[in-house]
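Visitor: Here it is, the structure, as structure tokens.
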Amino acid sequence: MEYFMVIYEVLHFSKAAEKIGVSQPNLSQQIKLLENELGVPLFNRIGKRITITDAGKLLYEQSMHMFSHLKHAQESISELKQVKGGSLTIGVLPGDCLIKHLLEFHRVYPKISLSLVETIKVTEQIIEGIIDIGVTTSPVQDNRIIQTPLFHEEFALAVARETPLANEMFVQLKDLQDMKTVMFTSDHHCRKLVDKHCLDLGFQINPQIETTTLSSLITMIEEGIGVSVLPIMFLENLHDKNIETVNIKNPTPSQDISLIYRADKYLGFAERSFIKAIKDHIQLAKNDALSF
């Protein structure tokens, strides 16, 4: 079954054999035995190309469930042995600032193996079983997903401290059309949110520079290249002496953030620990922002 799943993902027997570390004849034989046992072909062989049959697609979907349950069984047994370990793959939207929290989580649970995936398809990868837990915008309209609200997130203007804008109490969203801006690229969820509100007011932002990374965005704001629109909670907890936060009104861009996972997923020690830790982290961040 593991051989089958690798071939399904790469659609090439030679590449699959190399990835697994077995000979191609041995791999082909194992797949042939599996097809004989099931009584249906799993792949269409067209010369050197292969494609997936309907039976293959069905088997892959069921296999994902099977290996997921197997992984959780192993984690449950580890819990019984008080190993308190496991592995966890977390999906976040690009530019999300969870790294500080993940380092703290690793310090508390060093036996849990962590993998962080940045993707604009958090929900899709949860459904496909690629990631275990996702943090994304909500609501998620899919009955295969359980979502736990984390917080409501409002956005503000981030400006260099040395600019005149830093002394303003607030700005109107429509004022953005006359400002030099530095923004995430148009496919980023934060940018999409801002663009939508701006279009509702009848204008479009034309950034001086666009970037895919949060660190470069912060640098450009500090250097006064342009202003940007970012989550208030992030800006308040950034504690950057070179950046000031200015409220945005009429309207204030905002979104809801939730933690999501598959409804049929067994939550092992790693998952339960992470869910509790991130809720505690969000609450602490809120408290810090209020006291700052």
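Quick note on naming: the chains in the structure tokens go A, B, ... in the order shown, residues restart at 1 in each chain, and ligands are numbered from 1 in order of appearance.
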Can you check which residues of segment 88-254 of chain A DSSP gives as helix (DSSP H, G or I) on the backbone and send them as number ranges by chain?
Guide: A: 99-108, 122-128, 164-167, 173-178, 189-200, 214-222, 232-238
Visitor: Show me, as a short mmCIF file (atom, residue, chain, number, x, y, z; two decimals) with all heavy atoms, in the first residue's frame, the residues that have an atom within 9 Å of segment 126-139 of chain A when counting only C-alpha atoms, minus same-chain residues fewer than 5 positions from it.
Guide:
data_model
loop_
_atom_site.label_atom_id
_atom_site.label_comp_id
_atom_site.auth_asym_id
_atom_site.auth_seq_id
_atom_site.Cartn_x
_atom_site.Cartn_y
_atom_site.Cartn_z
N GLU A 61 -7.75 7.37 -1.63
CA GLU A 61 -8.52 8.09 -0.61
C GLU A 61 -8.68 7.25 0.65
O GLU A 61 -8.51 7.73 1.77
CB GLU A 61 -9.88 8.49 -1.17
CG GLU A 61 -10.72 9.30 -0.19
CD GLU A 61 -12.06 9.72 -0.77
OE1 GLU A 61 -12.19 9.74 -2.01
OE2 GLU A 61 -12.97 10.04 0.02
N MET A 64 -5.39 6.88 2.61
CA MET A 64 -5.06 8.03 3.45
C MET A 64 -5.70 7.89 4.82
O MET A 64 -5.08 8.16 5.85
CB MET A 64 -5.54 9.32 2.77
CG MET A 64 -4.78 9.69 1.51
SD MET A 64 -3.05 10.11 1.83
CE MET A 64 -3.23 11.63 2.76
N HIS A 65 -6.95 7.44 4.84
CA HIS A 65 -7.63 7.22 6.12
C HIS A 65 -6.93 6.11 6.91
O HIS A 65 -6.72 6.24 8.12
CB HIS A 65 -9.10 6.84 5.89
CG HIS A 65 -9.92 7.93 5.27
ND1 HIS A 65 -9.93 9.21 5.74
CD2 HIS A 65 -10.76 7.92 4.20
CE1 HIS A 65 -10.75 9.95 5.01
NE2 HIS A 65 -11.25 9.19 4.05
N SER A 68 -3.65 7.23 8.31
CA SER A 68 -3.90 8.22 9.35
C SER A 68 -4.28 7.54 10.65
O SER A 68 -3.78 7.86 11.73
CB SER A 68 -5.01 9.18 8.92
OG SER A 68 -5.33 10.08 9.97
N LEU A 88 3.72 16.04 14.15
CA LEU A 88 2.63 16.95 13.87
C LEU A 88 3.01 17.86 12.70
O LEU A 88 4.07 18.47 12.70
CB LEU A 88 2.35 17.81 15.11
CG LEU A 88 1.12 18.71 15.11
CD1 LEU A 88 -0.13 17.91 14.92
CD2 LEU A 88 1.05 19.48 16.42
N THR A 89 2.14 17.89 11.69
CA THR A 89 2.34 18.78 10.56
C THR A 89 1.28 19.88 10.62
O THR A 89 0.09 19.60 10.63
CB THR A 89 2.22 18.03 9.22
OG1 THR A 89 3.20 16.99 9.18
CG2 THR A 89 2.46 18.97 8.05
N ILE A 90 1.74 21.13 10.68
CA ILE A 90 0.86 22.27 10.87
C ILE A 90 0.86 23.12 9.62
O ILE A 90 1.92 23.48 9.10
CB ILE A 90 1.32 23.12 12.07
CG1 ILE A 90 1.40 22.25 13.33
CG2 ILE A 90 0.39 24.30 12.30
CD1 ILE A 90 2.35 22.77 14.36
N GLY A 91 -0.32 23.45 9.12
CA GLY A 91 -0.45 24.29 7.94
C GLY A 91 -0.90 25.69 8.30
O GLY A 91 -1.86 25.86 9.07
N VAL A 92 -0.20 26.69 7.78
CA VAL A 92 -0.56 28.08 8.04
C VAL A 92 -0.55 28.85 6.73
O VAL A 92 0.07 28.44 5.75
CB VAL A 92 0.42 28.76 9.04
CG1 VAL A 92 0.39 28.06 10.37
CG2 VAL A 92 1.84 28.80 8.47
N LEU A 93 -1.24 29.97 6.72
CA LEU A 93 -1.24 30.84 5.55
C LEU A 93 0.11 31.54 5.42
O LEU A 93 0.76 31.82 6.44
CB LEU A 93 -2.35 31.88 5.67
CG LEU A 93 -3.78 31.31 5.65
CD1 LEU A 93 -4.77 32.36 6.12
CD2 LEU A 93 -4.15 30.81 4.26
N ASP A 96 2.08 34.08 8.01
CA ASP A 96 1.60 33.93 9.38
C ASP A 96 2.81 33.95 10.33
O ASP A 96 3.88 33.48 9.98
CB ASP A 96 0.83 32.61 9.54
CG ASP A 96 -0.21 32.68 10.64
OD1 ASP A 96 0.11 33.27 11.68
OD2 ASP A 96 -1.31 32.14 10.46
N SER A 115 6.47 19.92 11.90
CA SER A 115 6.69 20.33 10.52
C SER A 115 5.72 21.46 10.21
O SER A 115 4.50 21.31 10.41
CB SER A 115 6.47 19.17 9.55
OG SER A 115 6.63 19.59 8.22
N LEU A 116 6.23 22.61 9.75
CA LEU A 116 5.40 23.77 9.44
C LEU A 116 5.30 23.95 7.93
O LEU A 116 6.31 24.01 7.24
CB LEU A 116 5.98 25.04 10.07
CG LEU A 116 5.21 26.33 9.83
CD1 LEU A 116 3.85 26.28 10.52
CD2 LEU A 116 6.00 27.53 10.33
N VAL A 117 4.07 24.01 7.42
CA VAL A 117 3.83 24.15 5.99
C VAL A 117 3.11 25.46 5.73
O VAL A 117 2.03 25.70 6.27
CB VAL A 117 2.99 22.98 5.44
CG1 VAL A 117 2.69 23.17 3.96
CG2 VAL A 117 3.71 21.66 5.67
N ILE A 120 -1.46 28.48 0.72
CA ILE A 120 -2.73 29.20 0.58
C ILE A 120 -3.90 28.21 0.53
O ILE A 120 -5.06 28.62 0.49
CB ILE A 120 -2.74 30.09 -0.68
CG1 ILE A 120 -2.55 29.25 -1.94
CG2 ILE A 120 -1.69 31.18 -0.58
CD1 ILE A 120 -2.70 30.03 -3.23
N LYS A 121 -3.60 26.90 0.55
CA LYS A 121 -4.62 25.87 0.47
C LYS A 121 -4.66 25.06 1.76
O LYS A 121 -4.56 23.83 1.75
CB LYS A 121 -4.38 24.96 -0.73
CG LYS A 121 -4.45 25.69 -2.07
CD LYS A 121 -4.25 24.74 -3.23
CE LYS A 121 -4.38 25.46 -4.57
NZ LYS A 121 -4.20 24.55 -5.72
N ARG A 144 -16.66 18.17 6.42
CA ARG A 144 -15.57 17.25 6.77
C ARG A 144 -14.57 17.90 7.72
O ARG A 144 -13.64 17.25 8.19
CB ARG A 144 -14.84 16.79 5.50
CG ARG A 144 -15.65 15.90 4.57
CD ARG A 144 -14.96 15.69 3.24
NE ARG A 144 -14.90 16.93 2.46
CZ ARG A 144 -14.34 17.02 1.26
NH1 ARG A 144 -13.78 15.96 0.71
NH2 ARG A 144 -14.34 18.17 0.62
N ILE A 145 -14.78 19.18 7.99
CA ILE A 145 -13.83 19.97 8.78
C ILE A 145 -14.45 20.40 10.11
O ILE A 145 -15.59 20.86 10.15
CB ILE A 145 -13.39 21.22 8.00
CG1 ILE A 145 -12.61 20.84 6.75
CG2 ILE A 145 -12.57 22.15 8.89
CD1 ILE A 145 -11.26 20.24 7.03
N GLN A 147 -13.88 23.21 12.97
CA GLN A 147 -13.15 24.47 13.14
C GLN A 147 -13.40 25.04 14.54
O GLN A 147 -14.52 25.02 15.03
CB GLN A 147 -13.54 25.48 12.07
CG GLN A 147 -15.02 25.71 11.89
CD GLN A 147 -15.31 26.57 10.66
OE1 GLN A 147 -14.60 27.52 10.38
NE2 GLN A 147 -16.35 26.23 9.94
N PRO A 149 -12.90 28.48 16.62
CA PRO A 149 -12.54 29.90 16.52
C PRO A 149 -11.40 30.25 17.47
O PRO A 149 -11.40 29.83 18.64
CB PRO A 149 -13.83 30.61 16.92
CG PRO A 149 -14.93 29.61 16.67
CD PRO A 149 -14.31 28.28 16.98
N LEU A 150 -10.43 31.00 16.98
CA LEU A 150 -9.31 31.45 17.81
C LEU A 150 -9.47 32.92 18.19
O LEU A 150 -9.37 33.27 19.35
CB LEU A 150 -7.98 31.23 17.08
CG LEU A 150 -7.55 29.77 16.87
CD1 LEU A 150 -6.24 29.72 16.09
CD2 LEU A 150 -7.40 29.06 18.21
N HIS A 189 -3.64 36.14 1.46
CA HIS A 189 -4.97 36.33 2.05
C HIS A 189 -5.13 37.73 2.66
O HIS A 189 -6.21 38.31 2.59
CB HIS A 189 -5.24 35.25 3.10
CG HIS A 189 -4.43 35.39 4.36
ND1 HIS A 189 -3.09 35.08 4.41
CD2 HIS A 189 -4.77 35.83 5.60
CE1 HIS A 189 -2.64 35.30 5.63
NE2 HIS A 189 -3.63 35.76 6.37
N GLN A 255 -10.96 40.02 9.92
CA GLN A 255 -11.27 38.65 9.53
C GLN A 255 -11.27 37.78 10.78
O GLN A 255 -10.72 38.15 11.83
CB GLN A 255 -10.25 38.13 8.53
CG GLN A 255 -8.83 38.07 9.06
CD GLN A 255 -7.81 37.70 7.99
OE1 GLN A 255 -8.13 37.56 6.82
NE2 GLN A 255 -6.57 37.54 8.40
N ASP A 256 -11.89 36.61 10.68
CA ASP A 256 -11.89 35.64 11.77
C ASP A 256 -10.88 34.54 11.48
O ASP A 256 -10.78 34.07 10.34
CB ASP A 256 -13.29 35.03 11.95
CG ASP A 256 -14.29 36.05 12.44
OD1 ASP A 256 -13.97 36.77 13.40
OD2 ASP A 256 -15.39 36.15 11.85
N ILE A 257 -10.14 34.14 12.50
CA ILE A 257 -9.12 33.10 12.37
C ILE A 257 -9.55 31.88 13.18
O ILE A 257 -9.96 32.01 14.34
CB ILE A 257 -7.75 33.60 12.85
CG1 ILE A 257 -7.32 34.83 12.05
CG2 ILE A 257 -6.71 32.49 12.74
CD1 ILE A 257 -7.07 34.57 10.59
N SER A 258 -9.46 30.71 12.57
CA SER A 258 -9.84 29.47 13.25
C SER A 258 -8.76 28.40 13.10
O SER A 258 -7.94 28.45 12.17
CB SER A 258 -11.15 28.93 12.67
OG SER A 258 -12.24 29.73 13.02
N LEU A 259 -8.78 27.49 14.01
CA LEU A 259 -7.96 26.29 13.93
C LEU A 259 -8.83 25.18 13.37
O LEU A 259 -9.98 25.02 13.80
CB LEU A 259 -7.44 25.93 15.32
CG LEU A 259 -6.52 24.73 15.46
CD1 LEU A 259 -5.52 24.98 16.59
CD2 LEU A 259 -7.30 23.46 15.76
N ILE A 260 -8.33 24.43 12.38
CA ILE A 260 -9.16 23.41 11.73
C ILE A 260 -8.44 22.07 11.66
O ILE A 260 -7.21 21.99 11.65
CB ILE A 260 -9.57 23.85 10.30
CG1 ILE A 260 -8.35 23.98 9.38
CG2 ILE A 260 -10.35 25.16 10.34
CD1 ILE A 260 -8.70 24.22 7.92
N TYR A 261 -9.27 20.99 11.62
CA TYR A 261 -8.76 19.63 11.38
C TYR A 261 -9.92 18.78 10.88
O TYR A 261 -11.09 19.17 10.97
CB TYR A 261 -8.13 19.04 12.64
CG TYR A 261 -9.02 19.04 13.87
CD1 TYR A 261 -9.89 17.99 14.16
CD2 TYR A 261 -8.99 20.12 14.76
CE1 TYR A 261 -10.69 17.99 15.28
CE2 TYR A 261 -9.80 20.13 15.89
CZ TYR A 261 -10.64 19.06 16.15
OH TYR A 261 -11.45 19.08 17.26
N ARG A 262 -9.59 17.62 10.33
CA ARG A 262 -10.64 16.75 9.78
C ARG A 262 -11.55 16.24 10.88
O ARG A 262 -11.11 15.89 11.98
CB ARG A 262 -10.01 15.57 9.04
CG ARG A 262 -9.56 15.90 7.63
CD ARG A 262 -9.22 14.63 6.86
NE ARG A 262 -10.41 13.81 6.65
CZ ARG A 262 -10.89 13.46 5.46
NH1 ARG A 262 -10.27 13.87 4.37
NH2 ARG A 262 -11.96 12.71 5.35
N LYS A 265 -10.71 12.81 12.24
CA LYS A 265 -9.33 12.65 12.70
C LYS A 265 -9.28 12.37 14.19
O LYS A 265 -9.91 13.07 14.99
CB LYS A 265 -8.52 13.92 12.40
CG LYS A 265 -7.06 13.82 12.81
CD LYS A 265 -6.31 15.08 12.40
CE LYS A 265 -4.85 15.00 12.75
NZ LYS A 265 -4.16 13.88 12.08
N GLU A 271 -1.53 16.44 18.80
CA GLU A 271 -2.58 17.36 18.35
C GLU A 271 -3.26 18.07 19.53
O GLU A 271 -3.46 19.29 19.50
CB GLU A 271 -3.64 16.60 17.54
CG GLU A 271 -3.20 16.21 16.15
CD GLU A 271 -2.55 14.84 16.12
OE1 GLU A 271 -2.21 14.31 17.20
OE2 GLU A 271 -2.34 14.30 15.03
N PHE A 274 -0.97 20.68 21.04
CA PHE A 274 -0.80 21.86 20.20
C PHE A 274 -2.03 22.75 20.26
O PHE A 274 -1.91 23.98 20.35
CB PHE A 274 -0.52 21.46 18.76
CG PHE A 274 -0.33 22.64 17.84
CD1 PHE A 274 0.86 23.33 17.83
CD2 PHE A 274 -1.36 23.07 17.02
CE1 PHE A 274 1.03 24.44 17.00
CE2 PHE A 274 -1.20 24.17 16.19
CZ PHE A 274 0.00 24.85 16.19
N ILE A 275 -3.22 22.15 20.20
CA ILE A 275 -4.46 22.93 20.24
C ILE A 275 -4.53 23.74 21.54
O ILE A 275 -4.85 24.93 21.54
CB ILE A 275 -5.68 22.01 20.08
CG1 ILE A 275 -5.73 21.46 18.65
CG2 ILE A 275 -6.97 22.77 20.40
CD1 ILE A 275 -6.78 20.39 18.44
#
Visitor: Which one is closest to Tyr109 of chain A: A:Asp178, A:Ile243, A:Phe269, A:Asp280? Count only C-alpha atoms.
Guide: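 Smallest separation from Tyr109 of chain A among the options: A:Phe269.
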Visitor: Considering only C-alpha atoms, can you say which of A:Arg161, A:Met1, A:Thr212, A:Asn167 comes closest to Phe184 of chain A?
Guide: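 Checking each of A:Arg161, A:Met1, A:Thr212, A:Asn167 against Phe184 of chain A, counting only C-alpha atoms, the winner is A:Thr212.
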Visitor: Just list as a PyMOL selection string whatever in segment 202-242 of chain A DSSP marks as strand (DSSP E or B).
Guide: chain A and resi 209-211+227-231
Visitor: Counting only C-alpha atoms, which of A:Ser215, A:Leu114, A:Asn250, A:Val159 gets nearest to Leu201 of chain A?
Guide: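 Using only C-alpha atoms, Leu201 of chain A sits closest to A:Asn250.
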Visitor: Distance atom CA of Leu38 of chain A-atom CA of Glu9 of chain A, one decimal place?
Guide: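 Atom-to-atom, atom CA of Leu38 of chain A to atom CA of Glu9 of chain A, that is 20.0 Å.
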Visitor: Near Ser113 of chain A, within 8 Å and counting only C-alpha atoms, which residues show up once chain neighbours fewer than 3 positions away are dropped, as a PDB file with N, CA and C atoms, in the first residue's frame?
Guide:
ATOM      1  N   GLY A  85       5.329  11.541  22.891  1.00  0.00           N
ATOM      2  CA  GLY A  85       5.949  11.999  21.660  1.00  0.00           C
ATOM      3  C   GLY A  85       4.939  12.099  20.545  1.00  0.00           C
ATOM      4  N   GLY A  86       5.400  11.848  19.323  1.00  0.00           N
ATOM      5  CA  GLY A  86       4.529  11.906  18.165  1.00  0.00           C
ATOM      6  C   GLY A  86       5.066  12.904  17.158  1.00  0.00           C
ATOM      7  N   SER A  87       4.330  13.062  16.086  1.00  0.00           N
ATOM      8  CA  SER A  87       4.705  14.029  15.051  1.00  0.00           C
ATOM      9  C   SER A  87       3.478  14.843  14.675  1.00  0.00           C
ATOM     10  N   LEU A  88       3.720  16.037  14.153  1.00  0.00           N
ATOM     11  CA  LEU A  88       2.629  16.954  13.870  1.00  0.00           C
ATOM     12  C   LEU A  88       3.012  17.855  12.704  1.00  0.00           C
ATOM     13  N   PRO A 110       9.707  18.612  23.544  1.00  0.00           N
ATOM     14  CA  PRO A 110      10.835  18.329  22.631  1.00  0.00           C
ATOM     15  C   PRO A 110      10.731  16.988  21.907  1.00  0.00           C
TER      16      PRO A 110
END
Visitor: Between A:Ala166, A:Ala73, A:Asn237, A:Asp175, which is the closest to Leu267 of chain A once you count only C-alpha atoms?
Guide: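 Using only C-alpha atoms, the shortest distance to Leu267 of chain A belongs to A:Ala73.
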Visitor: I'd like to know which of A:Leu284, A:Met66, A:Ile7, A:Met183 is closest to Gln30 of chain A, using only C-alpha atoms.
Guide: A:Ile7
Visitor: Tell me which protein, DNA and RNA residues are within 12 Å of Ile225 of chain A, counting only C-alpha atoms, leaving out same-chain ones fewer than 2 positions away, and put them as a short mmCIF file (atom, residue, chain, number, x, y, z; two decimals) with N, CA and C atoms, in the first residue's frame.
Guide:
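Once everything was written out, this is selection.cif:
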data_model
loop_
_atom_site.label_atom_id
_atom_site.label_comp_id
_atom_site.auth_asym_id
_atom_site.auth_seq_id
_atom_site.Cartn_x
_atom_site.Cartn_y
_atom_site.Cartn_z
N ALA A 158 0.61 50.17 9.24
CA ALA A 158 1.96 50.13 9.80
C ALA A 158 2.81 51.16 9.08
N VAL A 159 3.37 52.12 9.84
CA VAL A 159 4.14 53.21 9.23
C VAL A 159 5.47 53.37 9.96
N ALA A 160 6.45 53.93 9.28
CA ALA A 160 7.74 54.22 9.91
C ALA A 160 7.56 55.31 10.95
N GLU A 162 9.35 57.71 11.92
CA GLU A 162 9.83 59.05 11.59
C GLU A 162 8.96 59.78 10.58
N THR A 163 7.87 59.17 10.11
CA THR A 163 7.01 59.82 9.11
C THR A 163 5.88 60.59 9.80
N MET A 179 -1.50 57.06 -0.72
CA MET A 179 -0.28 56.72 0.01
C MET A 179 0.62 55.79 -0.79
N LYS A 180 1.93 55.87 -0.51
CA LYS A 180 2.87 54.90 -1.05
C LYS A 180 2.80 53.65 -0.17
N THR A 181 2.45 52.53 -0.78
CA THR A 181 2.26 51.31 0.00
C THR A 181 3.26 50.23 -0.41
N VAL A 182 3.56 49.36 0.55
CA VAL A 182 4.30 48.12 0.29
C VAL A 182 3.41 47.00 0.81
N MET A 183 3.12 46.01 -0.01
CA MET A 183 2.11 45.03 0.34
C MET A 183 2.56 43.62 -0.02
N PRO A 207 0.68 49.14 -5.13
CA PRO A 207 1.86 49.18 -4.24
C PRO A 207 3.14 49.59 -4.97
N GLN A 208 4.02 50.27 -4.22
CA GLN A 208 5.34 50.58 -4.72
C GLN A 208 6.13 49.28 -4.94
N ILE A 209 6.03 48.40 -3.95
CA ILE A 209 6.72 47.10 -3.99
C ILE A 209 5.79 46.05 -3.41
N GLU A 210 5.81 44.86 -4.00
CA GLU A 210 5.09 43.70 -3.48
C GLU A 210 6.09 42.64 -3.06
N SER A 216 10.68 40.89 4.83
CA SER A 216 11.02 41.95 3.88
C SER A 216 10.01 43.09 3.95
N LEU A 217 8.74 42.75 4.21
CA LEU A 217 7.71 43.78 4.34
C LEU A 217 8.02 44.69 5.53
N ILE A 218 8.38 44.08 6.66
CA ILE A 218 8.71 44.85 7.86
C ILE A 218 9.90 45.77 7.60
N THR A 219 10.92 45.25 6.92
CA THR A 219 12.11 46.05 6.62
C THR A 219 11.76 47.27 5.78
N MET A 220 10.91 47.08 4.77
CA MET A 220 10.53 48.19 3.90
C MET A 220 9.71 49.25 4.65
N ILE A 221 8.88 48.80 5.59
CA ILE A 221 8.11 49.76 6.41
C ILE A 221 9.07 50.56 7.28
N GLU A 222 10.02 49.87 7.93
CA GLU A 222 11.00 50.54 8.79
C GLU A 222 11.80 51.59 8.02
N GLU A 223 12.14 51.27 6.78
CA GLU A 223 12.96 52.17 5.97
C GLU A 223 12.15 53.32 5.36
N VAL A 227 3.93 52.43 3.42
CA VAL A 227 3.13 51.94 4.55
C VAL A 227 2.48 50.62 4.14
N SER A 228 1.98 49.89 5.13
CA SER A 228 1.32 48.62 4.82
C SER A 228 0.16 48.39 5.78
#
Visitor: Between A:Glu244, A:Asp264, A:Glu18, A:Glu236, which has the minimum distance to Ile146 of chain A (counting only C-alpha atoms)?
Guide: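 Closest to Ile146 of chain A of all the choices is A:Asp264.
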